[in-house]
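Participant: Quick one: structure below, then a few questions.
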Amino acid sequence: MSDKTKLPVGYEAIRDKGWLNAHKFLLLRRASQLFFLALFLLGPWFGIWWFKGNLSGSLTFNFLPLTDPFITLQGMVAGHWPALTALIGALIVGVAYAVIGGRVYCSWVCPINPVTDGAHWLHDKLGMTKGWQPKKETRYYVLGMVLIVSMLTGTIAWEFVNPISMVHRGLIFGVGFAWAFVLAVFLFDFAVSRRGWCGHLCPVGAFYGLLGTGSVLRVTANKREACDDCMDCFAVCPEMHVITPALRGSDDDTPLILSPDCTNCGRCIDVCSVDVFEFTHRFDDTPAPGRVRQKSTPAPKADKAA
Amino acid sequence: MSAPKSKKPMDRRRFLKDASRGVAGCALAGMGLTQFVSDARALPAQAIRPPGALEESDFLAACIRCGLCVRDCPYDTLSLAELGLDGPATGTPFFTARDVPCEMCEDIPCVVACPTGALDHNLTNIDDADMGVAVLIDEEACLNALGLRCDVCYRVCPVIDDAITLELRTNERSGAHAIFMPVVHSDACTGCGKCEKSCVLPDESAIKVLPKRIAQAHSADHYKLGWEENNPLVDELIDLPDRLPGSGTDNLAAPGGFLPGDLPDPSMEGGFTSGFKLPGTGGAGQ
């Protein structure tokens, strides 16, 4: 911790880099989320049918099929072997996210992300406590549960409740009471569990996380030496545990953020006034010395143990 | 803490505790989800799936609710169910015949558009579609059944004279007129719903498309319709052994049960002499 810890999140970054640079990836991300929604709205709103369908399955330029691999998997577990079009679509999407980072879906595409980000913003503004924090494995339990229920009921089970497809399909095809699910997620994140839905429970995120375990696109803390402990990256990161091993590692530890939970949202890059983080690929082995301070820490620990 | 020794059992205990809590929580959530899914997959009778849709139980494993069938339907017949407003499982495609019926496009674009095969790609002739079956559900209101000549359902039927025929009956009320009764034939009816759409009665239609699971009974196998062609009352003639007075029961060895010289004594009561000669009999009776 340093004196800067007490400054508002992003204060130094805005001061040193300017507001725009300190929100670059946030703005890009919002643009991307809007973009992917707008693609599908071109048809129903303006009659331009370049992109048909929704995030569950779509057809682009009457040629390129895309299918959600998680939904496809549930269908297969439920006992339906999908037609070739859906399989090809799921393969394309699966490979793409396996390369650029599975949870890029969560932060750059998913329409629920602005909702939970909004909930977190309000939560933060009101200075609320973090509330219920499920164990880090919980999302995988939920993922397993969804697959088992799919198998037992012979249905694509998560699609009965999935707030992502509810809101996305709702905006494109007619919303019904789907907004209730969105509101539920918002309230859950706001009042029950900080960063609870996307960060702990959502099985779609868990699936995409697993899918992108070996993804190429990664954030690195390769200038971790320069870190001044302002803690802003931890404050903005939706999965803050992913930062620690990279940022606080010693010389021998990789500065790459390799956790599948990282959503490649780039907010840590935004808020760092000393530019510790940047996007790179997972094979980047530029030497990144750990912070000098790190080396002195074992001593007090030894004292404690004795 | 004497750290290293106690570390492992603590971890195991903690792991077991966490794991059991996780499993229990997920089991609870899973039961809730299962219950919700079971409730939500009930399909109302008036919601008709697009042509080629798999059986409802298979359909919900196959349909990813992408809406591509809806987009490629040129008549805006199909729509995706909206949560809480329409009956079918949310996001799945359906149509309501009384609002917009299926126009039975020859190229079946909705089926072609389906990426998963929830709409079966083997359906290439729309006349083979099986979305449901029309039922003349209110004979008391049907104008034709009252002896008038409405005929609209019959006229609009895309498979006219096969799916709906007009059966001539005597009008018992007048005693002098005919009733042209619309009769649906389930083997030809595609369930497109054009009859239901065009029924001239206000509000509800007298003829409605219903899912076959509701509209059709299973014919009883143990009843034989002897008047149908190639459907004899008994499958084949069975030659049962005949038992007649005499010593033999094997009618192959001794047809009619008689062995020559084994007839009852003609001099006694009931005795007689055989009036015919059995051909080629032989062998001992049993």
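Every chain in the structure tokens has a letter given in the order shown (A, B, ...), and although residue numbers restart at 1 in each chain, ligands are simply numbered from 1 in the order shown.
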May I have the residues within 9 Å of stretch 20-30 of chain B as a VMD selection string, using only C-alpha atoms and disregarding those fewer than 6 positions away in the same chain?

Facilitator: chain A and resid 135 137 to 138 141 to 142 144 to 146 148 to 149

Participant: Kindly provide, as number ranges by chain, the residues of chain B having any atom no farther than 9 Å from an atom of chain A, counting only C-alpha atoms.

Facilitator: B: 1-3, 18-19, 22-23, 25-27, 29-31, 33-34, 36-38, 40-41, 57-71, 79-86, 89-91, 113-118, 121

Participant: What does the distance from atom CA of B:Arg155 to atom CA of B:Glu103 come to in Å, to one decimal?

Facilitator: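 Computing the Euclidean distance for atom CA of B:Arg155 and atom CA of B:Glu103 yields 14.4 Å.
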
Participant: Leaving out B:Leu43 and any residue of its chain fewer than 2 positions from it, which residues lie within 7 Å of it when counting only C-alpha atoms, given as a short mmCIF file (atom, residue, chain, number, x, y, z; two decimals) with N, CA and C atoms, in the first residue's frame?

Facilitator:
```cif
data_model
loop_
_atom_site.label_atom_id
_atom_site.label_comp_id
_atom_site.auth_asym_id
_atom_site.auth_seq_id
_atom_site.Cartn_x
_atom_site.Cartn_y
_atom_site.Cartn_z
N ARG B 41 -41.59 -25.83 -20.42
CA ARG B 41 -41.58 -26.47 -21.73
C ARG B 41 -42.96 -26.95 -22.15
N ALA B 45 -51.78 -25.61 -26.74
CA ALA B 45 -52.33 -26.27 -27.92
C ALA B 45 -52.42 -25.32 -29.11
N ALA B 47 -50.37 -22.93 -29.94
CA ALA B 47 -49.08 -22.53 -30.49
C ALA B 47 -48.58 -23.64 -31.40
N GLY B 87 -47.14 -18.47 -24.85
CA GLY B 87 -47.08 -19.73 -24.13
C GLY B 87 -45.81 -20.56 -24.27
N PRO B 88 -45.28 -20.71 -25.50
CA PRO B 88 -44.18 -21.66 -25.67
C PRO B 88 -42.93 -21.24 -24.90
#
```

Participant: Write out as number ranges by chain all residues of stretch 43-287 of chain A that backbone DSSP assigns to alpha helix (DSSP H).

Facilitator: A: 43-46, 69-77, 84-100, 104, 113-125, 138-153, 163-173, 179-187, 196, 203-211, 232-236, 243-247, 267-271

Participant: Please dump the current selection as a short mmCIF file (atom, residue, chain, number, x, y, z; two decimals), in the first residue's frame; keep C-alpha atoms.

Facilitator:
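Once everything was written out, this is result18.cif:
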```
data_model
loop_
_atom_site.label_atom_id
_atom_site.label_comp_id
_atom_site.auth_asym_id
_atom_site.auth_seq_id
_atom_site.Cartn_x
_atom_site.Cartn_y
_atom_site.Cartn_z
CA GLY A 43 -32.19 -5.85 -39.81
CA PRO A 44 -35.22 -5.28 -37.61
CA TRP A 45 -34.68 -1.50 -37.33
CA PHE A 46 -33.39 -0.53 -40.76
CA PRO A 69 -20.61 -23.34 -28.57
CA PHE A 70 -22.00 -23.56 -25.03
CA ILE A 71 -25.56 -23.80 -26.31
CA THR A 72 -24.44 -26.34 -28.89
CA LEU A 73 -22.79 -28.38 -26.14
CA GLN A 74 -25.95 -28.33 -24.03
CA GLY A 75 -27.96 -29.49 -27.03
CA MET A 76 -25.58 -32.38 -27.56
CA VAL A 77 -25.73 -33.36 -23.89
CA LEU A 84 -23.59 -29.42 -39.81
CA THR A 85 -24.32 -25.69 -40.06
CA ALA A 86 -24.57 -25.34 -36.30
CA LEU A 87 -21.46 -27.45 -35.74
CA ILE A 88 -19.41 -25.36 -38.16
CA GLY A 89 -20.73 -22.19 -36.53
CA ALA A 90 -19.85 -23.42 -33.06
CA LEU A 91 -16.40 -24.45 -34.25
CA ILE A 92 -15.69 -21.03 -35.74
CA VAL A 93 -16.82 -19.22 -32.60
CA GLY A 94 -15.01 -21.71 -30.37
CA VAL A 95 -11.71 -21.39 -32.21
CA ALA A 96 -11.95 -17.60 -32.35
CA TYR A 97 -12.44 -17.28 -28.60
CA ALA A 98 -9.85 -19.95 -27.89
CA VAL A 99 -7.35 -17.68 -29.63
CA ILE A 100 -8.35 -14.21 -28.47
CA VAL A 104 -13.32 -11.66 -24.31
CA ASN A 113 -21.68 -6.82 -19.00
CA PRO A 114 -22.82 -3.17 -19.03
CA VAL A 115 -25.60 -4.18 -16.65
CA THR A 116 -23.29 -5.74 -14.08
CA ASP A 117 -20.73 -2.97 -14.60
CA GLY A 118 -23.49 -0.50 -13.88
CA ALA A 119 -24.48 -2.42 -10.77
CA HIS A 120 -20.87 -2.37 -9.62
CA TRP A 121 -20.58 1.34 -10.29
CA LEU A 122 -23.64 2.07 -8.14
CA HIS A 123 -22.48 -0.41 -5.53
CA ASP A 124 -19.17 1.41 -5.36
CA LYS A 125 -20.74 4.87 -5.30
CA THR A 138 -18.67 -22.03 -7.83
CA ARG A 139 -19.05 -21.06 -11.47
CA TYR A 140 -17.73 -24.46 -12.50
CA TYR A 141 -20.21 -26.17 -10.19
CA VAL A 142 -22.95 -24.13 -11.88
CA LEU A 143 -21.57 -25.08 -15.28
CA GLY A 144 -21.67 -28.76 -14.33
CA MET A 145 -25.16 -28.36 -12.90
CA VAL A 146 -26.40 -26.82 -16.15
CA LEU A 147 -25.01 -29.70 -18.19
CA ILE A 148 -26.55 -32.27 -15.84
CA VAL A 149 -29.94 -30.57 -15.94
CA SER A 150 -29.70 -30.41 -19.74
CA MET A 151 -29.07 -34.12 -19.80
CA LEU A 152 -31.83 -34.98 -17.33
CA THR A 153 -34.51 -32.81 -18.93
CA PRO A 163 -30.14 -13.46 -18.99
CA ILE A 164 -27.65 -12.93 -21.84
CA SER A 165 -29.78 -14.44 -24.55
CA MET A 166 -32.92 -13.12 -22.85
CA VAL A 167 -31.81 -9.52 -23.21
CA HIS A 168 -30.09 -9.91 -26.57
CA ARG A 169 -32.95 -11.81 -28.14
CA GLY A 170 -35.38 -9.52 -26.38
CA LEU A 171 -33.89 -6.40 -27.93
CA ILE A 172 -33.90 -7.94 -31.39
CA PHE A 173 -37.09 -10.00 -31.43
CA TRP A 179 -36.13 -7.45 -18.64
CA ALA A 180 -37.06 -9.01 -15.31
CA PHE A 181 -34.05 -11.31 -15.62
CA VAL A 182 -31.81 -8.35 -16.38
CA LEU A 183 -33.16 -6.49 -13.37
CA ALA A 184 -32.61 -9.58 -11.23
CA VAL A 185 -28.96 -9.75 -12.27
CA PHE A 186 -28.54 -6.04 -11.62
CA LEU A 187 -30.07 -6.27 -8.16
CA GLY A 196 -21.38 -11.80 -8.13
CA PRO A 203 -21.88 -20.69 -16.39
CA VAL A 204 -21.50 -19.05 -19.80
CA GLY A 205 -18.49 -17.14 -18.51
CA ALA A 206 -17.17 -20.30 -16.89
CA PHE A 207 -17.49 -22.14 -20.20
CA TYR A 208 -15.81 -19.41 -22.19
CA GLY A 209 -13.10 -19.15 -19.55
CA LEU A 210 -12.29 -22.82 -19.93
CA LEU A 211 -12.43 -22.44 -23.70
CA ASP A 232 -6.19 1.06 -8.96
CA CYS A 233 -5.88 -2.03 -11.18
CA PHE A 234 -7.22 -4.20 -8.36
CA ALA A 235 -10.04 -1.76 -7.86
CA VAL A 236 -11.21 -1.84 -11.46
CA ILE A 243 -3.54 -9.73 -11.37
CA THR A 244 -1.64 -10.79 -8.28
CA PRO A 245 0.54 -13.61 -9.68
CA ALA A 246 1.65 -11.47 -12.60
CA LEU A 247 2.07 -8.11 -10.90
CA ARG A 267 -9.28 -1.72 -17.63
CA CYS A 268 -6.01 -2.33 -15.75
CA ILE A 269 -4.16 -0.84 -18.71
CA ASP A 270 -6.48 2.19 -18.60
CA VAL A 271 -6.12 3.05 -14.94
#
```

Participant: Grab the atom CA of B:Asp161 to atom CA of B:Trp227 distance for me, in Å with one decimal place.

Facilitator: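 It comes out at 22.7 Å.
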
Participant: Going by DSSP on the backbone, which residues of stretch 228-305 of chain A come out as strand (DSSP E or B)? List them as a list in words.

Facilitator: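 Written out, the strand (DSSP E or B) residues of stretch 228-305 of chain A are Leu256, Glu278, Phe279, Thr280 and His281 of chain A.
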
Participant: Could you check the closest approach to B:Ala141 for each of B:Cys157, B:Ile238, B:Ile179, B:Leu201 and tell me which residue wins, using only C-alpha atoms?

Facilitator: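 Looking only at the distances to B:Ala141, the closest residue turns out to be B:Leu201.
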